[in-house]
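Enquirer: If it helps, the file is called work.txt and holds compact mmCIF, C-alpha atoms:
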# COMPACT_ATOMS: atom_id res chain seq x y z
CA MET V 1 147.47 146.33 79.39
CA ALA V 2 149.39 146.30 82.67
CA ALA V 3 151.24 149.42 83.70
CA ARG V 4 154.97 149.49 83.10
CA ARG V 5 157.20 148.92 86.11
CA ALA V 6 160.87 149.58 86.78
CA LEU V 7 163.06 147.50 84.46
CA LYS V 8 164.54 144.49 86.25
CA ALA V 9 165.35 141.94 83.54
CA VAL V 10 166.55 141.89 79.94
CA LEU V 11 166.12 138.92 77.61
CA VAL V 12 168.59 138.91 74.73
CA ASP V 13 168.33 136.84 71.56
CA LEU V 14 171.54 135.19 70.37
CA ASN V 15 171.87 134.30 66.67
CA GLY V 16 171.31 137.41 64.58
CA THR V 17 171.57 139.68 67.62
CA LEU V 18 174.90 138.89 69.31
CA HIS V 19 176.35 136.67 66.60
CA VAL V 20 175.71 135.21 63.15
CA GLU V 21 177.01 131.64 63.11
CA ASP V 22 180.73 131.87 64.01
CA ALA V 23 181.03 135.66 63.76
CA ALA V 24 180.13 138.16 66.46
CA VAL V 25 177.92 141.08 65.45
CA PRO V 26 180.22 144.15 65.48
CA GLY V 27 180.09 145.87 68.85
CA ALA V 28 178.05 143.11 70.50
CA GLN V 29 180.64 142.18 73.14
CA GLU V 30 180.99 145.78 74.26
CA ALA V 31 177.23 146.28 74.28
CA LEU V 32 176.84 143.22 76.50
CA LYS V 33 179.49 144.51 78.89
CA ARG V 34 177.62 147.80 79.21
CA LEU V 35 174.37 145.92 79.82
CA ARG V 36 176.09 143.87 82.54
CA GLY V 37 176.96 147.13 84.22
CA ALA V 38 173.32 148.08 84.62
CA SER V 39 171.31 146.96 87.64
CA VAL V 40 169.27 144.38 85.71
CA MET V 41 169.29 140.60 85.33
CA VAL V 42 170.30 139.37 81.88
CA ARG V 43 169.08 136.14 80.31
CA PHE V 44 169.74 134.81 76.83
CA VAL V 45 166.98 133.16 74.82
CA THR V 46 167.21 131.43 71.50
CA ASN V 47 165.17 129.35 69.07
CA THR V 48 168.26 127.65 67.70
CA THR V 49 167.80 123.93 67.12
CA LYS V 50 171.02 123.33 65.20
CA GLU V 51 173.20 122.60 68.23
CA SER V 52 173.03 121.64 71.89
CA LYS V 53 173.17 124.22 74.65
CA GLN V 54 176.75 123.17 75.48
CA ASP V 55 177.89 123.57 71.86
CA LEU V 56 176.17 126.95 71.73
CA LEU V 57 177.90 128.02 74.94
CA ASP V 58 181.29 126.91 73.57
CA ARG V 59 180.66 128.94 70.41
CA LEU V 60 179.79 132.05 72.43
CA LYS V 61 182.87 131.70 74.63
CA LYS V 62 185.10 131.43 71.55
CA LEU V 63 183.58 134.73 70.43
CA GLU V 64 184.54 136.19 73.85
CA PHE V 65 181.04 136.62 75.21
CA ASP V 66 180.81 136.49 79.01
CA ILE V 67 177.83 134.14 79.32
CA SER V 68 177.19 131.22 81.67
CA GLU V 69 175.12 128.13 80.88
CA ASP V 70 172.46 128.86 83.50
CA GLU V 71 171.74 132.21 81.79
CA ILE V 72 170.70 130.52 78.53
CA PHE V 73 167.18 129.27 77.83
CA THR V 74 166.66 127.51 74.51
CA SER V 75 163.67 126.20 72.61
CA LEU V 76 165.30 122.75 72.79
CA THR V 77 165.00 122.94 76.59
CA ALA V 78 161.35 123.94 76.24
CA ALA V 79 160.74 121.00 73.88
CA ARG V 80 162.38 118.52 76.24
CA ASN V 81 160.29 119.86 79.12
CA LEU V 82 157.09 119.26 77.14
CA VAL V 83 158.17 115.76 76.05
CA GLU V 84 158.80 114.84 79.68
CA GLN V 85 155.51 116.40 80.74
CA LYS V 86 153.55 114.45 78.11
CA GLN V 87 155.59 111.27 78.73
CA VAL V 88 155.90 110.50 75.02
CA ARG V 89 158.59 108.79 72.94
CA PRO V 90 159.46 111.29 70.21
CA MET V 91 160.72 110.85 66.70
CA LEU V 92 163.37 113.57 66.84
CA LEU V 93 163.51 115.56 63.61
CA VAL V 94 166.37 117.73 64.83
CA ASP V 95 169.97 118.32 63.84
CA ASP V 96 172.30 115.60 65.14
CA ARG V 97 174.22 118.28 67.07
CA ALA V 98 171.07 119.00 69.10
CA LEU V 99 170.59 115.41 70.24
CA PRO V 100 172.63 115.78 73.49
CA ASP V 101 169.85 118.04 74.82
CA PHE V 102 167.50 115.02 74.62
CA LYS V 103 169.86 112.59 76.35
CA GLY V 104 167.92 110.05 78.39
CA ILE V 105 164.68 110.54 76.45
CA GLN V 106 163.22 107.25 75.17
CA THR V 107 162.89 107.40 71.36
CA SER V 108 162.34 103.77 70.35
CA ASP V 109 158.89 102.92 68.97
CA PRO V 110 158.01 106.65 68.73
CA ASN V 111 154.50 107.91 69.44
CA ALA V 112 155.16 111.64 68.93
CA VAL V 113 157.03 113.86 66.48
CA VAL V 114 159.37 116.64 67.58
CA ILE V 115 160.56 118.85 64.74
CA GLY V 116 163.17 121.59 64.66
CA LEU V 117 165.62 122.77 62.02
CA ALA V 118 167.14 119.62 60.54
CA PRO V 119 168.24 120.22 56.93
CA GLU V 120 170.02 116.86 56.67
CA HIS V 121 166.84 115.03 57.67
CA PHE V 122 164.28 117.00 55.67
CA HIS V 123 163.89 114.51 52.84
CA TYR V 124 160.90 112.52 51.61
CA GLN V 125 161.51 109.24 53.43
CA ILE V 126 161.95 110.81 56.88
CA LEU V 127 159.14 113.34 56.46
CA ASN V 128 156.86 110.56 55.25
CA GLN V 129 157.66 108.55 58.38
CA ALA V 130 156.65 111.55 60.49
CA PHE V 131 153.53 111.96 58.35
CA ARG V 132 152.42 108.37 59.05
CA LEU V 133 153.01 108.72 62.79
CA LEU V 134 150.83 111.83 62.83
CA LEU V 135 148.10 110.06 60.88
CA ASP V 136 148.13 107.40 63.61
CA GLY V 137 147.42 110.08 66.19
CA ALA V 138 150.90 111.05 67.36
CA PRO V 139 151.14 114.66 68.61
CA LEU V 140 153.26 117.11 66.63
CA ILE V 141 155.62 119.26 68.72
CA ALA V 142 157.30 122.10 66.84
CA ILE V 143 160.35 123.57 68.53
CA HIS V 144 159.50 126.73 66.63
CA LYS V 145 157.95 127.81 63.32
CA ALA V 146 160.34 130.45 62.04
CA ARG V 147 159.93 130.96 58.31
CA TYR V 148 163.60 131.71 57.79
CA TYR V 149 166.80 132.55 59.64
CA LYS V 150 170.02 134.45 59.03
CA ARG V 151 173.21 132.76 57.79
CA LYS V 152 176.46 134.30 56.65
CA ASP V 153 175.49 133.60 53.03
CA GLY V 154 172.01 135.10 53.40
CA LEU V 155 168.53 134.00 54.44
CA ALA V 156 167.70 130.29 54.68
CA LEU V 157 164.49 128.31 55.20
CA GLY V 158 163.58 127.75 58.83
CA PRO V 159 161.59 124.82 60.23
CA GLY V 160 158.27 126.65 59.87
CA PRO V 161 157.57 125.63 56.25
CA PHE V 162 158.21 121.96 57.09
CA VAL V 163 156.02 122.08 60.21
CA THR V 164 153.26 123.70 58.17
CA ALA V 165 153.58 121.02 55.47
CA LEU V 166 153.04 118.26 58.05
CA GLU V 167 150.12 120.17 59.59
CA TYR V 168 148.50 120.58 56.18
CA ALA V 169 149.06 116.96 55.11
CA THR V 170 147.65 115.50 58.34
CA ASP V 171 145.02 118.12 59.15
CA THR V 172 146.53 118.57 62.59
CA LYS V 173 147.94 121.47 64.61
CA ALA V 174 151.42 121.53 66.10
CA THR V 175 152.13 122.52 69.68
CA VAL V 176 154.83 125.20 69.36
CA VAL V 177 157.21 125.65 72.29
CA GLY V 178 159.71 128.29 71.13
CA LYS V 179 159.41 131.99 70.42
CA PRO V 180 157.00 133.72 69.90
CA GLU V 181 154.88 131.53 72.22
CA LYS V 182 153.89 133.18 75.51
CA THR V 183 154.92 130.13 77.53
CA PHE V 184 158.47 130.40 76.19
CA PHE V 185 158.93 133.94 77.50
CA LEU V 186 157.32 133.10 80.83
CA GLU V 187 159.60 130.07 81.28
CA ALA V 188 162.62 132.20 80.40
CA LEU V 189 161.63 134.71 83.08
CA ARG V 190 161.08 131.99 85.69
CA GLY V 191 163.78 132.24 88.32
CA THR V 192 164.35 135.95 87.80
CA GLY V 193 161.47 136.90 90.09
CA CYS V 194 160.32 139.37 87.44
CA GLU V 195 156.96 139.92 85.83
CA PRO V 196 156.74 140.51 82.05
CA GLU V 197 155.98 144.20 82.73
CA GLU V 198 159.40 144.45 84.39
CA ALA V 199 161.31 142.99 81.46
CA VAL V 200 162.42 143.87 77.95
CA MET V 201 163.30 141.62 75.00
CA ILE V 202 166.12 142.53 72.58
CA GLY V 203 166.18 140.64 69.28
CA ASP V 204 166.48 140.77 65.51
CA ASP V 205 163.18 139.12 64.60
CA CYS V 206 160.20 141.45 64.64
CA ARG V 207 157.70 138.61 65.00
CA ASP V 208 159.37 135.96 67.14
CA ASP V 209 161.35 138.33 69.39
CA VAL V 210 159.63 141.71 69.51
CA GLY V 211 156.07 140.64 68.69
CA GLY V 212 156.22 137.63 71.00
CA ALA V 213 157.53 139.74 73.87
CA GLN V 214 154.87 142.39 73.38
CA ASN V 215 152.12 139.76 73.37
CA VAL V 216 153.15 138.62 76.85
CA GLY V 217 153.40 142.17 78.22
CA MET V 218 157.10 142.88 77.78
CA LEU V 219 158.72 145.69 75.88
CA GLY V 220 160.48 144.70 72.66
CA ILE V 221 163.58 146.27 71.12
CA LEU V 222 164.41 145.46 67.51
CA VAL V 223 168.04 145.04 66.44
CA LYS V 224 168.26 145.41 62.68
CA THR V 225 171.10 143.00 61.97
CA ALA V 226 169.10 140.35 60.13
CA SER V 227 165.89 140.20 58.13
CA CYS V 228 163.24 142.25 59.92
CA GLU V 229 162.79 144.60 57.01
CA HIS V 230 161.23 141.70 55.07
CA ASP V 231 157.46 142.18 55.39
CA CYS V 232 157.63 143.31 59.00
CA PRO V 233 154.31 144.69 60.30
CA LEU V 234 156.09 146.51 63.14
CA MET V 235 158.07 148.73 60.79
Mind turning this structure into structure tokens?
Expert:
Amino acid sequence: MAARRALKAVLVDLNGTLHVEDAAVPGAQEALKRLRGASVMVRFVTNTTKESKQDLLDRLKKLEFDISEDEIFTSLTAARNLVEQKQVRPMLLVDDRALPDFKGIQTSDPNAVVIGLAPEHFHYQILNQAFRLLLDGAPLIAIHKARYYKRKDGLALGPGPFVTALEYATDTKATVVGKPEKTFFLEALRGTGCEPEEAVMIGDDCRDDVGGAQNVGMLGILVKTASCEHDCPLM
């Protein structure tokens, strides 16, 4: 393991750490202001697939968070980058509010499947269409595989169970682009000029946030606002 260096960058998770849906986590705005006062670069990383980056930014501004668009790195961005790299035409199993982040991507006659959190689309007919594409050899790109996420009314199924169902049914393996993948954290740090050993990740998910950060060489700080106490090996 590489030796720790002076802290230069902080990655902060959003949903469950700074806010839960349309409500700010108590004290989060003040905590962010104090962090801004330190001599470190701050970036915000999220696995959310329920809305575009612009909608997410608008939500954060309404909650009085001082955040700019270029400070946010999302798993939707990572998924788009991979789609462009592979030059495929994806079937987009994502929430309609996330579609603006794929503007300009060719989706007719799909030859790939991109899956995120899309409750309105997770029904038999649509999943069966994805299943048949995968059987024909289409690659499966999972924006992330979270088992569940935090809502105001409690825990809810994440995209992970649906990704796993398609993997099992087609005997294939998804390429995952969001947290806790190493490439996600490295892409988020790109542009900061910092190595993982010079950065720390703050989040509410012990696997996707803390565990993922530790696997790439970062420090991880767990914020217990959500569901980490549920079968968390780090506690």
Enquirer: Between V:Phe73, V:Tyr149, V:Phe122, V:Phe65, single out the one closest to Phe44 of chain V, counting all atoms listed in the file.
Expert: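 Answer, going by the shortest atom-to-atom distance: V:Phe73.
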Enquirer: Where's the centre, and what are the edge lengths in Å to one decimal, of a box along x, y and z enclosing all listed atoms of segment 50-65 of chain V padded 5 Å per side, as JSON?
Expert:
{"center_x": 178.1, "center_y": 129.1, "center_z": 70.3, "size_x": 24.1, "size_y": 25.0, "size_z": 20.3}
Enquirer: Choose the residue, out of V:Ala142, V:Ala79, V:Leu60, V:Val88, that has the smallest atom-to-atom separation from Glu21 of chain V; count all atoms listed in the file.
Expert: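 Distance minimum relative to Glu21 of chain V lands on V:Leu60.
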Enquirer: Might you pull out every residue within 6 Å of Asp208 of chain V, with all atoms listed in the file counted and same-chain residues fewer than 4 positions away left off, and present them as number ranges by chain?
Expert: V: 179-180, 212
Enquirer: Give me, please, the distance in Å between atom CA of Gly203 of chain V and atom CA of Gly27 of chain V, quoted to one decimal.
Expert: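 Atom-to-atom, atom CA of Gly203 of chain V and atom CA of Gly27 of chain V are spaced 14.9 Å apart.
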Enquirer: I'd like the contact shell of Thr74 of chain V - 6 Å cut-off, all atoms listed in the file, skipping same-chain residues fewer than 3 positions apart - returned as a list in words.
Expert: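 Residues meeting the cut-off are Val45, Thr46, Asn47 and Thr77 of chain V.
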Enquirer: List every protein, DNA or RNA residue that has at least one atom no more than 10 Å from (166.3, 144.6, 86.4) in the file's coordinates, counting all atoms listed in the file, and write the result as an MDAnalysis selection string.
Expert: chainID V and resid 6:10 38:42 192:194 198:200
Enquirer: Save out the residues we just selected, C-alpha atoms, as a PDB file, in the frame of the given file.
Expert:
ATOM      1  CA  ALA V   6     160.870 149.580  86.780  1.00  0.00           C
ATOM      2  CA  LEU V   7     163.060 147.500  84.460  1.00  0.00           C
ATOM      3  CA  LYS V   8     164.540 144.490  86.250  1.00  0.00           C
ATOM      4  CA  ALA V   9     165.350 141.940  83.540  1.00  0.00           C
ATOM      5  CA  VAL V  10     166.550 141.890  79.940  1.00  0.00           C
ATOM      6  CA  ALA V  38     173.320 148.080  84.620  1.00  0.00           C
ATOM      7  CA  SER V  39     171.310 146.960  87.640  1.00  0.00           C
ATOM      8  CA  VAL V  40     169.270 144.380  85.710  1.00  0.00           C
ATOM      9  CA  MET V  41     169.290 140.600  85.330  1.00  0.00           C
ATOM     10  CA  VAL V  42     170.300 139.370  81.880  1.00  0.00           C
ATOM     11  CA  THR V 192     164.350 135.950  87.800  1.00  0.00           C
ATOM     12  CA  GLY V 193     161.470 136.900  90.090  1.00  0.00           C
ATOM     13  CA  CYS V 194     160.320 139.370  87.440  1.00  0.00           C
ATOM     14  CA  GLU V 198     159.400 144.450  84.390  1.00  0.00           C
ATOM     15  CA  ALA V 199     161.310 142.990  81.460  1.00  0.00           C
ATOM     16  CA  VAL V 200     162.420 143.870  77.950  1.00  0.00           C
TER      17      VAL V 200
END
Enquirer: From the list V:Asp95, V:Glu69, V:Gln214, V:Arg151, which residue is nearest Asp22 of chain V when using all atoms listed in the file?
Expert: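 Of V:Asp95, V:Glu69, V:Gln214, V:Arg151, the one nearest Asp22 of chain V, counting all atoms listed in the file, is V:Arg151.
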Enquirer: Identify, on the basis of only C-alpha atoms, every residue whose closest approach to Thr183 of chain V does not exceed 12 Å; exclude the query and any residue fewer than 2 positions from it along the same chain; express the result as number ranges by chain.
Expert: V: 75, 78-79, 81-82, 175-181, 185-190, 196, 212-213, 215-216
Enquirer: Can you measure atom CA of Arg43 of chain V to atom CA of Lys182 of chain V for me? One decimal in Å is fine.
Expert: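 Atom CA of Lys182 of chain V lies at a distance of 16.2 Å from atom CA of Arg43 of chain V.
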Enquirer: Between atom CA of Asp209 of chain V and atom CA of Tyr148 of chain V, what is the spacing in Å?
Expert: 13.5 Å
Enquirer: I'd like the contact shell of Pro161 of chain V - 9 Å cut-off, all atoms listed in the file, skipping same-chain residues fewer than 6 positions apart - returned as a list in words.
Expert: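 My reading of the contact set: Lys145, Ala146, Arg147 and Tyr148 of chain V.
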Enquirer: Excluding Ser108 of chain V and residues on its chain fewer than 6 positions from it, collect all residues at most 9 Å away from it, counting all atoms listed in the file, and give them as a PyMOL selection string.
Expert: chain V and resi 89-91
Enquirer: For Leu11 of chain V, which residue among V:Asp136, V:Glu71, V:Asp96, V:Glu84 is the nearest when counting only C-alpha atoms?
Expert: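 For Leu11 of chain V, the nearest of the given residues is V:Glu71.
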